[in-house]
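Novice: Following this line is work.cif, made up of mmCIF, C-alpha atoms and all ligand atoms:
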```cif
data_input
loop_
_atom_site.label_atom_id
_atom_site.label_comp_id
_atom_site.auth_asym_id
_atom_site.auth_seq_id
_atom_site.Cartn_x
_atom_site.Cartn_y
_atom_site.Cartn_z
CA MET A 552 -39.03 25.16 3.86
CA LYS A 553 -41.03 24.94 7.10
CA PHE A 554 -42.31 21.57 8.33
CA THR A 555 -45.48 21.12 10.37
CA SER A 556 -44.99 19.41 13.70
CA THR A 557 -46.87 16.34 12.41
CA GLY A 558 -44.52 16.16 9.45
CA SER A 559 -41.52 16.39 11.71
CA LEU A 560 -42.84 13.60 13.91
CA LEU A 561 -43.46 11.36 10.92
CA ARG A 562 -39.97 12.00 9.65
CA LEU A 563 -38.55 11.27 13.05
CA GLY A 564 -40.55 8.03 13.25
CA ALA A 565 -39.35 6.96 9.81
CA ALA A 566 -35.78 7.76 10.71
CA PHE A 567 -36.07 5.72 13.89
CA LEU A 568 -37.56 2.78 12.00
CA ALA A 569 -34.82 2.94 9.39
CA LEU A 570 -32.20 3.03 12.10
CA THR A 571 -33.72 0.04 13.89
CA LEU A 572 -34.05 -2.00 10.69
CA GLY A 573 -30.59 -0.93 9.59
CA SER A 574 -29.20 -2.04 12.92
CA ALA A 575 -30.87 -5.42 12.70
CA CYS A 576 -29.19 -6.06 9.35
CA ALA A 577 -25.82 -4.50 9.93
CA TYR A 578 -25.05 -5.55 13.50
CA ALA A 579 -25.12 -9.34 13.35
CA ASP A 580 -23.44 -10.73 16.44
CA PHE A 581 -20.38 -12.68 15.42
CA THR A 582 -20.15 -14.36 18.82
CA ASP A 583 -23.39 -16.30 18.25
CA ARG A 584 -21.66 -18.40 15.65
CA GLU A 585 -19.96 -21.73 16.07
CA ASP A 586 -17.20 -21.00 13.57
CA VAL A 587 -16.41 -17.80 15.45
CA SER A 588 -16.27 -19.64 18.79
CA ALA A 589 -13.95 -22.22 17.26
CA PHE A 590 -11.72 -19.39 16.00
CA VAL A 591 -11.66 -17.68 19.39
CA GLU A 592 -10.78 -20.90 21.21
CA GLU A 593 -8.09 -21.69 18.67
CA ILE A 594 -6.30 -18.32 18.76
CA ALA A 595 -6.59 -18.08 22.55
CA THR A 596 -4.96 -21.50 22.97
CA ARG A 597 -2.27 -20.81 20.40
CA ASN A 598 -1.27 -17.47 21.88
CA GLY A 599 -1.93 -18.02 25.56
CA MET A 600 -4.73 -15.46 25.70
CA ASP A 601 -8.00 -15.37 27.63
CA THR A 602 -11.04 -15.96 25.49
CA ALA A 603 -13.24 -13.47 27.36
CA PRO A 604 -11.73 -10.21 26.04
CA ILE A 605 -11.73 -11.62 22.51
CA TYR A 606 -15.43 -12.43 22.81
CA VAL A 607 -16.12 -8.98 24.22
CA ALA A 608 -14.27 -7.31 21.33
CA LEU A 609 -16.01 -9.47 18.73
CA SER A 610 -19.42 -8.90 20.29
CA ARG A 611 -18.88 -5.20 19.58
CA ALA A 612 -17.59 -5.71 16.05
CA ASN A 613 -20.01 -4.88 13.27
CA TYR A 614 -20.72 -6.80 10.12
CA LEU A 615 -19.90 -4.30 7.36
CA PRO A 616 -21.76 -5.06 4.11
CA ARG A 617 -19.74 -2.37 2.32
CA VAL A 618 -16.55 -4.34 2.99
CA ILE A 619 -17.99 -7.37 1.20
CA GLU A 620 -19.06 -5.16 -1.70
CA LEU A 621 -15.59 -3.69 -2.02
CA ILE A 622 -13.65 -6.96 -1.76
CA THR A 623 -15.85 -8.86 -4.23
CA PRO A 624 -14.30 -8.82 -7.72
CA PRO A 625 -16.60 -7.35 -10.38
CA THR A 626 -18.50 -10.01 -12.33
CA LYS A 627 -17.41 -8.44 -15.59
CA ARG A 628 -13.71 -7.94 -15.88
CA GLY A 629 -13.00 -4.30 -16.64
CA VAL A 630 -10.70 -3.21 -19.43
CA ARG A 631 -7.16 -2.82 -18.19
CA SER A 632 -5.85 0.67 -18.80
CA TRP A 633 -2.40 1.67 -17.66
CA HIS A 634 -3.00 5.33 -18.52
CA ARG A 635 -6.16 5.45 -16.47
CA TYR A 636 -4.49 3.68 -13.54
CA ARG A 637 -1.41 5.86 -13.72
CA SER A 638 -3.41 9.09 -13.79
CA GLN A 639 -4.80 8.31 -10.33
CA PHE A 640 -1.33 8.51 -8.80
CA LEU A 641 0.69 10.97 -10.87
CA GLY A 642 -1.39 14.09 -10.49
CA HIS A 643 -0.74 17.29 -8.62
CA ALA A 644 -1.75 16.00 -5.16
CA HIS A 645 0.67 13.09 -5.31
CA ILE A 646 3.59 15.09 -6.67
CA GLU A 647 3.24 18.27 -4.66
CA GLY A 648 2.36 16.28 -1.54
CA GLY A 649 5.42 14.09 -2.10
CA LEU A 650 7.76 17.06 -2.40
CA LYS A 651 6.31 18.66 0.72
CA THR A 652 6.63 15.42 2.64
CA TRP A 653 10.19 15.05 1.40
CA ALA A 654 11.05 18.56 2.62
CA GLN A 655 9.37 17.96 5.95
CA TYR A 656 11.01 14.60 6.62
CA GLU A 657 14.26 15.05 4.72
CA SER A 658 16.52 13.90 7.55
CA GLU A 659 14.35 10.91 8.49
CA LEU A 660 14.24 9.81 4.85
CA ARG A 661 18.00 10.11 4.61
CA GLN A 662 18.38 8.12 7.81
CA ALA A 663 16.11 5.38 6.42
CA GLU A 664 18.20 5.21 3.27
CA LYS A 665 21.36 4.89 5.33
CA LEU A 666 19.95 2.08 7.43
CA TYR A 667 17.94 0.12 4.87
CA GLY A 668 19.33 1.15 1.49
CA VAL A 669 15.96 2.31 0.17
CA PRO A 670 16.05 5.82 -1.32
CA PRO A 671 13.63 8.56 -0.22
CA GLU A 672 11.71 8.69 -3.48
CA ILE A 673 10.75 5.02 -3.32
CA ILE A 674 9.53 5.33 0.27
CA LEU A 675 7.57 8.44 -0.75
CA GLY A 676 6.27 6.72 -3.88
CA ILE A 677 4.71 4.03 -1.70
CA LEU A 678 3.36 6.53 0.85
CA GLY A 679 1.90 8.57 -1.98
CA VAL A 680 0.22 5.73 -3.82
CA GLU A 681 -1.04 4.15 -0.60
CA THR A 682 -2.53 7.13 1.24
CA ILE A 683 -1.42 10.41 -0.40
CA TYR A 684 1.07 10.85 2.47
CA GLY A 685 -1.35 10.04 5.24
CA ARG A 686 -4.24 12.05 3.87
CA ASN A 687 -6.31 9.05 2.97
CA THR A 688 -5.74 6.23 5.43
CA GLY A 689 -9.29 4.85 5.41
CA ASN A 690 -12.19 5.13 7.83
CA PHE A 691 -13.13 1.50 8.32
CA GLU A 692 -12.85 0.15 11.82
CA THR A 693 -10.18 -2.50 11.32
CA LEU A 694 -11.69 -4.97 13.79
CA SER A 695 -15.09 -4.89 12.11
CA ALA A 696 -13.60 -5.01 8.61
CA LEU A 697 -11.42 -8.03 9.42
CA ALA A 698 -14.19 -9.83 11.32
CA THR A 699 -16.49 -9.31 8.34
CA LEU A 700 -13.88 -10.69 5.93
CA ALA A 701 -12.79 -13.51 8.23
CA PHE A 702 -16.30 -14.85 8.80
CA ASN A 703 -18.39 -13.66 5.86
CA TYR A 704 -16.06 -13.88 2.89
CA PRO A 705 -15.20 -17.56 2.34
CA PRO A 706 -12.85 -17.07 -0.67
CA ARG A 707 -10.24 -15.43 1.53
CA ALA A 708 -11.35 -16.47 5.00
CA GLU A 709 -8.02 -18.09 5.83
CA LEU A 710 -6.01 -14.97 5.05
CA PHE A 711 -8.34 -12.66 6.96
CA ARG A 712 -8.68 -14.96 9.98
CA GLY A 713 -4.90 -14.81 10.16
CA GLU A 714 -5.02 -11.02 10.02
CA LEU A 715 -7.76 -10.87 12.64
CA GLU A 716 -5.62 -13.04 14.92
CA SER A 717 -2.68 -10.70 14.23
CA LEU A 718 -4.87 -7.71 15.11
CA PHE A 719 -5.61 -9.19 18.54
CA LEU A 720 -1.90 -9.87 19.05
CA LEU A 721 -0.98 -6.38 17.85
CA ALA A 722 -3.49 -4.84 20.25
CA ARG A 723 -2.00 -6.95 23.05
CA ASP A 724 1.57 -5.90 22.11
CA GLN A 725 0.59 -2.24 21.91
CA LYS A 726 -1.74 -2.29 24.92
CA ARG A 727 -4.52 -0.86 22.79
CA SER A 728 -8.11 -1.88 22.31
CA PRO A 729 -8.52 -4.03 19.18
CA ALA A 730 -11.39 -1.68 18.29
CA SER A 731 -9.12 1.38 18.26
CA TYR A 732 -7.60 0.80 14.81
CA THR A 733 -8.94 2.26 11.59
CA GLY A 734 -7.88 1.84 7.98
CA SER A 735 -8.88 0.37 4.66
CA PHE A 736 -11.79 -1.98 4.03
CA ALA A 737 -9.27 -4.82 3.79
CA GLY A 738 -7.72 -4.23 7.19
CA ALA A 739 -4.67 -2.19 6.18
CA ILE A 740 -3.67 0.33 8.82
CA GLY A 741 -2.43 3.91 8.82
CA TRP A 742 -0.03 5.90 6.65
CA PRO A 743 1.76 2.90 5.12
CA GLN A 744 -1.33 0.62 5.01
CA PHE A 745 0.27 -2.39 6.67
CA LEU A 746 -1.90 -5.36 7.49
CA PRO A 747 -1.70 -6.29 11.19
CA SER A 748 0.66 -9.23 10.49
CA SER A 749 3.00 -6.87 8.62
CA VAL A 750 2.89 -4.34 11.44
CA ARG A 751 4.01 -7.08 13.80
CA ARG A 752 6.75 -8.36 11.51
CA PHE A 753 8.10 -5.31 9.74
CA ALA A 754 7.11 -2.10 11.56
CA VAL A 755 9.85 -0.15 13.28
CA ASP A 756 9.64 2.62 15.85
CA PHE A 757 11.62 5.02 13.73
CA ASN A 758 11.28 8.14 15.88
CA GLY A 759 12.24 6.26 19.02
CA ASP A 760 9.26 7.23 21.13
CA GLY A 761 8.70 3.65 22.23
CA LYS A 762 5.65 2.88 20.10
CA ILE A 763 4.61 2.25 16.54
CA ASP A 764 2.46 5.14 15.42
CA PHE A 765 1.02 4.90 11.93
CA ASP A 766 -1.74 7.42 12.59
CA SER A 767 -0.33 10.82 13.39
CA ASN A 768 2.88 11.36 11.41
CA ALA A 769 5.08 9.87 8.74
CA VAL A 770 8.20 8.94 10.68
CA ASP A 771 7.39 5.38 11.77
CA ALA A 772 5.85 4.77 8.35
CA ILE A 773 9.06 5.90 6.62
CA GLY A 774 11.25 3.52 8.60
CA SER A 775 8.74 0.70 8.37
CA ILE A 776 8.31 0.91 4.59
CA ALA A 777 12.09 0.92 4.14
CA ASN A 778 12.47 -2.03 6.50
CA TYR A 779 9.67 -3.92 4.72
CA LEU A 780 11.36 -3.46 1.34
CA ARG A 781 14.78 -4.42 2.64
CA GLU A 782 13.38 -7.53 4.32
CA HIS A 783 11.83 -8.47 0.98
CA GLY A 784 15.16 -8.23 -0.80
CA TRP A 785 15.66 -4.61 -1.85
CA VAL A 786 19.10 -4.16 -3.42
CA ALA A 787 20.62 -0.76 -2.61
CA GLY A 788 21.75 1.09 -5.69
CA ALA A 789 20.30 -1.37 -8.19
CA PRO A 790 17.88 -0.29 -10.91
CA VAL A 791 14.13 -0.76 -10.60
CA ALA A 792 12.85 -0.75 -14.16
CA VAL A 793 13.77 0.41 -17.63
CA ARG A 794 11.54 1.04 -20.60
CA VAL A 795 12.22 -1.08 -23.68
CA ARG A 796 10.93 -1.55 -27.21
CA LEU A 797 10.35 -4.63 -29.33
CA THR A 798 12.08 -5.29 -32.64
CA PRO A 799 9.58 -5.82 -35.50
CA GLY A 800 8.12 -9.32 -35.38
CA ALA A 801 9.13 -9.96 -31.77
CA ASN A 802 6.63 -11.95 -29.73
CA PRO A 803 6.54 -10.79 -26.11
CA ALA A 804 3.87 -13.28 -24.94
CA PRO A 805 6.19 -16.11 -23.77
CA LEU A 806 8.39 -13.60 -21.94
CA ILE A 807 5.39 -12.09 -20.15
CA GLU A 808 4.15 -15.56 -19.27
CA ALA A 809 7.43 -16.19 -17.46
CA GLY A 810 5.80 -14.29 -14.59
CA ILE A 811 6.45 -11.30 -12.36
CA GLU A 812 9.52 -12.76 -10.66
CA PRO A 813 12.64 -11.77 -12.60
CA SER A 814 13.91 -14.84 -14.49
CA LEU A 815 14.95 -13.59 -17.94
CA SER A 816 18.61 -13.14 -18.69
CA GLN A 817 19.89 -10.28 -20.79
CA GLU A 818 20.87 -12.74 -23.56
CA GLN A 819 17.36 -14.24 -23.58
CA LEU A 820 15.83 -10.78 -23.78
CA LEU A 821 18.07 -9.60 -26.61
CA GLU A 822 17.51 -12.83 -28.50
CA ALA A 823 13.74 -12.40 -28.14
CA GLY A 824 13.91 -8.93 -29.68
CA ILE A 825 13.84 -6.74 -26.57
CA ARG A 826 15.84 -3.56 -27.06
CA PRO A 827 16.60 -0.55 -24.87
CA LEU A 828 15.14 2.75 -26.04
CA THR A 829 18.66 4.19 -26.00
CA GLY A 830 22.09 2.85 -25.13
CA SER A 831 22.30 -0.70 -23.84
CA LEU A 832 20.30 -2.74 -21.37
CA PRO A 833 21.56 -2.30 -17.81
CA ALA A 834 23.66 -5.22 -16.63
CA ALA A 835 21.49 -5.74 -13.59
CA GLY A 836 20.77 -9.43 -13.47
CA GLU A 837 17.57 -11.14 -14.45
CA ALA A 838 14.46 -9.21 -15.37
CA THR A 839 10.77 -9.64 -15.93
CA LEU A 840 8.98 -8.21 -18.97
CA VAL A 841 6.10 -5.98 -17.96
CA ASP A 842 3.38 -5.02 -20.41
CA LEU A 843 1.35 -1.92 -19.63
CA GLU A 844 -1.75 -1.99 -21.76
CA THR A 845 -4.00 0.96 -22.53
CA PRO A 846 -6.90 0.58 -24.98
CA GLY A 847 -6.30 2.48 -28.19
CA VAL A 848 -2.60 3.14 -27.69
CA ASP A 849 0.56 1.08 -28.10
CA THR A 850 1.36 -1.15 -25.15
CA GLU A 851 4.35 0.06 -23.13
CA TYR A 852 6.98 -2.55 -22.37
CA TRP A 853 9.36 -2.33 -19.43
CA LEU A 854 11.93 -4.56 -17.85
CA GLY A 855 11.44 -4.92 -14.12
CA TYR A 856 14.48 -5.91 -12.09
CA ARG A 857 14.73 -7.40 -8.60
CA ASN A 858 13.77 -4.11 -6.96
CA PHE A 859 10.64 -3.87 -9.11
CA TYR A 860 9.66 -7.32 -7.87
CA VAL A 861 10.31 -6.20 -4.29
CA ILE A 862 7.80 -3.35 -4.74
CA THR A 863 5.23 -5.91 -5.91
CA ARG A 864 5.62 -7.62 -2.50
CA TYR A 865 3.89 -4.54 -1.11
CA ASN A 866 1.01 -4.98 -3.51
CA ARG A 867 1.04 -7.79 -6.03
CA SER A 868 0.40 -5.83 -9.17
CA SER A 869 2.76 -4.64 -11.89
CA PHE A 870 0.55 -1.56 -12.38
CA TYR A 871 1.00 -0.75 -8.70
CA ALA A 872 4.77 -1.19 -8.75
CA MET A 873 5.11 0.87 -11.91
CA ALA A 874 2.97 3.69 -10.46
CA VAL A 875 5.18 3.73 -7.35
CA PHE A 876 8.30 3.74 -9.51
CA GLN A 877 7.10 6.50 -11.82
CA LEU A 878 5.87 8.69 -8.98
CA ALA A 879 9.25 8.13 -7.31
CA ASP A 880 11.03 9.10 -10.50
CA VAL A 881 9.06 12.33 -10.87
CA LEU A 882 9.64 13.19 -7.20
CA ARG A 883 13.38 12.58 -7.52
CA ALA A 884 13.63 14.70 -10.67
CA ASN A 885 11.69 17.57 -9.09
CA HIS A 886 13.50 17.33 -5.78
CA ASP A 887 16.92 17.44 -7.41
CA GLY A 888 15.73 20.08 -9.83
CA GLY A 889 14.90 22.21 -6.84
CA GLY A 890 11.23 22.82 -7.44
CA PHE A 891 7.90 21.56 -8.58
CA ASP A 892 7.69 21.43 -12.34
CA THR A 893 4.18 20.81 -13.62
CA ALA A 894 5.56 19.74 -16.99
CA SER A 895 6.76 16.58 -15.26
CA LEU A 896 3.14 15.51 -14.83
CA LYS A 897 3.22 14.45 -18.45
CA ALA A 898 6.70 12.99 -18.38
CA THR A 899 7.17 9.29 -18.75
CA PRO A 900 10.49 8.30 -17.30
CA ALA A 901 12.46 6.26 -19.74
CA ALA A 902 15.86 5.90 -18.17
CA ALA A 903 16.91 3.19 -15.77
CA HIS A 904 16.33 4.45 -12.31
CA LYS A 905 19.41 4.39 -10.16
CA ALA A 906 17.86 3.75 -6.84
CA SER A 907 20.40 5.31 -4.55
CA LYS A 908 21.47 8.46 -6.31
CA PRO A 909 22.65 10.78 -3.59
CA SER A 910 20.50 13.85 -3.29
CA LYS A 911 22.12 16.88 -4.82
CA ALA A 912 19.75 19.21 -3.10
CA LYS A 913 20.90 21.04 -0.03
CA PRO A 914 19.31 19.72 3.13
CA ARG A 915 16.31 21.80 3.99
CA LYS A 916 15.18 22.71 7.41
CA ALA A 917 12.30 20.51 8.43
CA ALA A 918 9.15 22.48 9.02
CA HIS A 919 8.18 20.45 12.06
CA LYS A 920 9.86 19.87 15.38
CA LYS A 921 12.30 17.09 14.78
CA PRO A 922 11.75 14.01 16.89
CA ALA A 923 14.70 12.00 18.13
CA ARG A 924 15.72 9.71 15.33
CA ARG A 925 16.39 6.30 16.60
CA ALA A 926 15.48 3.09 14.91
CA LYS A 927 15.01 -0.06 16.83
CA CA A 1001 7.29 5.73 17.05
#
```
Represent the supplied structure as structure tokens.
Ligand SMILES: [Ca+2]
Specialist:
Amino acid sequence: MKFTSTGSLLRLGAAFLALTLGSACAYADFTDREDVSAFVEEIATRNGMDTAPIYVALSRANYLPRVIELITPPTKRGVRSWHRYRSQFLGHAHIEGGLKTWAQYESELRQAEKLYGVPPEIILGILGVETIYGRNTGNFETLSALATLAFNYPPRAELFRGELESLFLLARDQKRSPASYTGSFAGAIGWPQFLPSSVRRFAVDFNGDGKIDFDSNAVDAIGSIANYLREHGWVAGAPVAVRVRLTPGANPAPLIEAGIEPSLSQEQLLEAGIRPLTGSLPAAGEATLVDLETPGVDTEYWLGYRNFYVITRYNRSSFYAMAVFQLADVLRANHDGGGFDTASLKATPAAAHKASKPSKAKPRKAAHKKPARRAK
């Protein structure tokens, strides 16, 4: 279609007007606000920083309405569906991507297991669920996202002001501009989606190049995820979760109400009618009972052990931890089986997952140039 010159001009004018109006709404200046000034003064005093660069950074931060939309819980609670949730993370992209990443970073993953006790498949399970192995790290400018949440989302202002403070400290540590980070709408950064406070506390320079790099390759993410899990109590070699069934008439509700932290003894579970699908329950200490509901089908019940709880420290949801665990299980089975088996897409792992099974596969040559492996 050909436009007349008048038409083009009108369109241009409209576009300009929209841009100007859009700017007026979207680019509120945080530094005009008293609560923001109080925040700047407070964090500068606490951390021995100058206020001026913080003001400069915040004056360039944008209010992001989309961030508020995404963080706000829906007014109507959706129907929980484990099958729907699970299908987002156990498809071809997650499994094939996981096996490729495993092959590419085999030696780094093995090194992380040696140092932190966390097996490759669990590290990959988290990387896969978080960002599909770095493919999907988020395009929100972290500074703007955190400023928006810190100052325009009262329900969680305290948390996000803490993360915004951590972002300024992280930028200072790394000698980067606070505006140079990108990630999720909620301020999580890079391949492993660490919040700034977690980067500062748990990230490790796993390829030994002197900096934390969560943007360009998996190596620092691999070491950092393993370190995060170990610091949160990962037990090397212990099981994560095992599927169970209920004896007829058993009432799981009080067991589920006991909470996500493992507190149920094997005797309590057996007495309440919890049975293994086969064999006997693993003697692995206290457990939590996890119910995975899907409308129209029988609820799945699982016992989550200490390591399951540790995965929920990454993201406080039993659906999340179970997706990580099941993706990990499929990756391990395919890796040891020596190839990608599409039938596994439908498999539901039922056996207790021994977390530190040694890999039976022969080490493969990494496809990339290997960096020096040195953890700090
Ligand atoms: Ca590094």
Novice: Which residues form the shell of 6 Å around ligand CA 1001 (chain A) when you count all atoms listed in the file, given as a ChimeraX atom specification?
Specialist: /A:756-764,771
Novice: Measuring atom to atom with all atoms listed in the file, identify which of A:Leu650, A:Leu694, A:Leu854, A:Val795 is nearest to A:Leu828.
Specialist: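 Comparing A:Leu650, A:Leu694, A:Leu854, A:Val795 against A:Leu828, the winner is A:Val795.
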Novice: Return the single residue from A:Leu843, A:Leu815, A:Ala769, A:Ala834 that is closest to A:Ile677, with distances computed using all atoms listed in the file.
Specialist: A:Ala769
Novice: Given the choices A:Asn613, A:Thr845, A:Ser717, A:Ser658, which gets closest to A:Ile594 if the distance is worked out from only C-alpha atoms?
Specialist: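 Looking only at the distances to A:Ile594, the closest residue turns out to be A:Ser717.
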Novice: At a cut-off of 12 Å, using all atoms listed in the file, what residues contact A:Phe876? Leave out same-chain residues fewer than 5 positions from it and give the result as a PDB file with C-alpha atoms, in the frame of the given file.
Specialist:
```
ATOM      1  CA  ARG A 637      -1.410   5.860 -13.720  1.00  0.00           C
ATOM      2  CA  PHE A 640      -1.330   8.510  -8.800  1.00  0.00           C
ATOM      3  CA  LEU A 641       0.690  10.970 -10.870  1.00  0.00           C
ATOM      4  CA  PRO A 670      16.050   5.820  -1.320  1.00  0.00           C
ATOM      5  CA  PRO A 671      13.630   8.560  -0.220  1.00  0.00           C
ATOM      6  CA  GLU A 672      11.710   8.690  -3.480  1.00  0.00           C
ATOM      7  CA  ILE A 673      10.750   5.020  -3.320  1.00  0.00           C
ATOM      8  CA  ILE A 674       9.530   5.330   0.270  1.00  0.00           C
ATOM      9  CA  LEU A 675       7.570   8.440  -0.750  1.00  0.00           C
ATOM     10  CA  GLY A 676       6.270   6.720  -3.880  1.00  0.00           C
ATOM     11  CA  ILE A 677       4.710   4.030  -1.700  1.00  0.00           C
ATOM     12  CA  LEU A 678       3.360   6.530   0.850  1.00  0.00           C
ATOM     13  CA  GLY A 679       1.900   8.570  -1.980  1.00  0.00           C
ATOM     14  CA  VAL A 680       0.220   5.730  -3.820  1.00  0.00           C
ATOM     15  CA  PRO A 790      17.880  -0.290 -10.910  1.00  0.00           C
ATOM     16  CA  VAL A 791      14.130  -0.760 -10.600  1.00  0.00           C
ATOM     17  CA  ALA A 792      12.850  -0.750 -14.160  1.00  0.00           C
ATOM     18  CA  VAL A 793      13.770   0.410 -17.630  1.00  0.00           C
ATOM     19  CA  ARG A 794      11.540   1.040 -20.600  1.00  0.00           C
ATOM     20  CA  TRP A 853       9.360  -2.330 -19.430  1.00  0.00           C
ATOM     21  CA  GLY A 855      11.440  -4.920 -14.120  1.00  0.00           C
ATOM     22  CA  TYR A 856      14.480  -5.910 -12.090  1.00  0.00           C
ATOM     23  CA  ASN A 858      13.770  -4.110  -6.960  1.00  0.00           C
ATOM     24  CA  PHE A 859      10.640  -3.870  -9.110  1.00  0.00           C
ATOM     25  CA  TYR A 860       9.660  -7.320  -7.870  1.00  0.00           C
ATOM     26  CA  VAL A 861      10.310  -6.200  -4.290  1.00  0.00           C
ATOM     27  CA  ILE A 862       7.800  -3.350  -4.740  1.00  0.00           C
ATOM     28  CA  THR A 863       5.230  -5.910  -5.910  1.00  0.00           C
ATOM     29  CA  SER A 869       2.760  -4.640 -11.890  1.00  0.00           C
ATOM     30  CA  PHE A 870       0.550  -1.560 -12.380  1.00  0.00           C
ATOM     31  CA  TYR A 871       1.000  -0.750  -8.700  1.00  0.00           C
ATOM     32  CA  VAL A 881       9.060  12.330 -10.870  1.00  0.00           C
ATOM     33  CA  LEU A 882       9.640  13.190  -7.200  1.00  0.00           C
ATOM     34  CA  ARG A 883      13.380  12.580  -7.520  1.00  0.00           C
ATOM     35  CA  THR A 899       7.170   9.290 -18.750  1.00  0.00           C
ATOM     36  CA  PRO A 900      10.490   8.300 -17.300  1.00  0.00           C
ATOM     37  CA  ALA A 901      12.460   6.260 -19.740  1.00  0.00           C
ATOM     38  CA  ALA A 902      15.860   5.900 -18.170  1.00  0.00           C
ATOM     39  CA  ALA A 903      16.910   3.190 -15.770  1.00  0.00           C
ATOM     40  CA  HIS A 904      16.330   4.450 -12.310  1.00  0.00           C
ATOM     41  CA  LYS A 905      19.410   4.390 -10.160  1.00  0.00           C
ATOM     42  CA  ALA A 906      17.860   3.750  -6.840  1.00  0.00           C
TER      43      ALA A 906
END
```
Novice: Could you check how far atom CA of A:Glu659 sits from atom CA of A:Val770, in Å to one decimal?
Specialist: 6.8 Å
Novice: One decimal, Å: what's the distance from atom CA of A:Ser748 over to atom CA of A:Leu718, could you say?
Specialist: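 Separating atom CA of A:Ser748 from atom CA of A:Leu718 is a distance of 7.4 Å.
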Novice: Could you work out how far atom CA of A:Arg796 lies from atom CA of A:Leu832, giving the answer in Å with one decimal?
Specialist: 11.1 Å
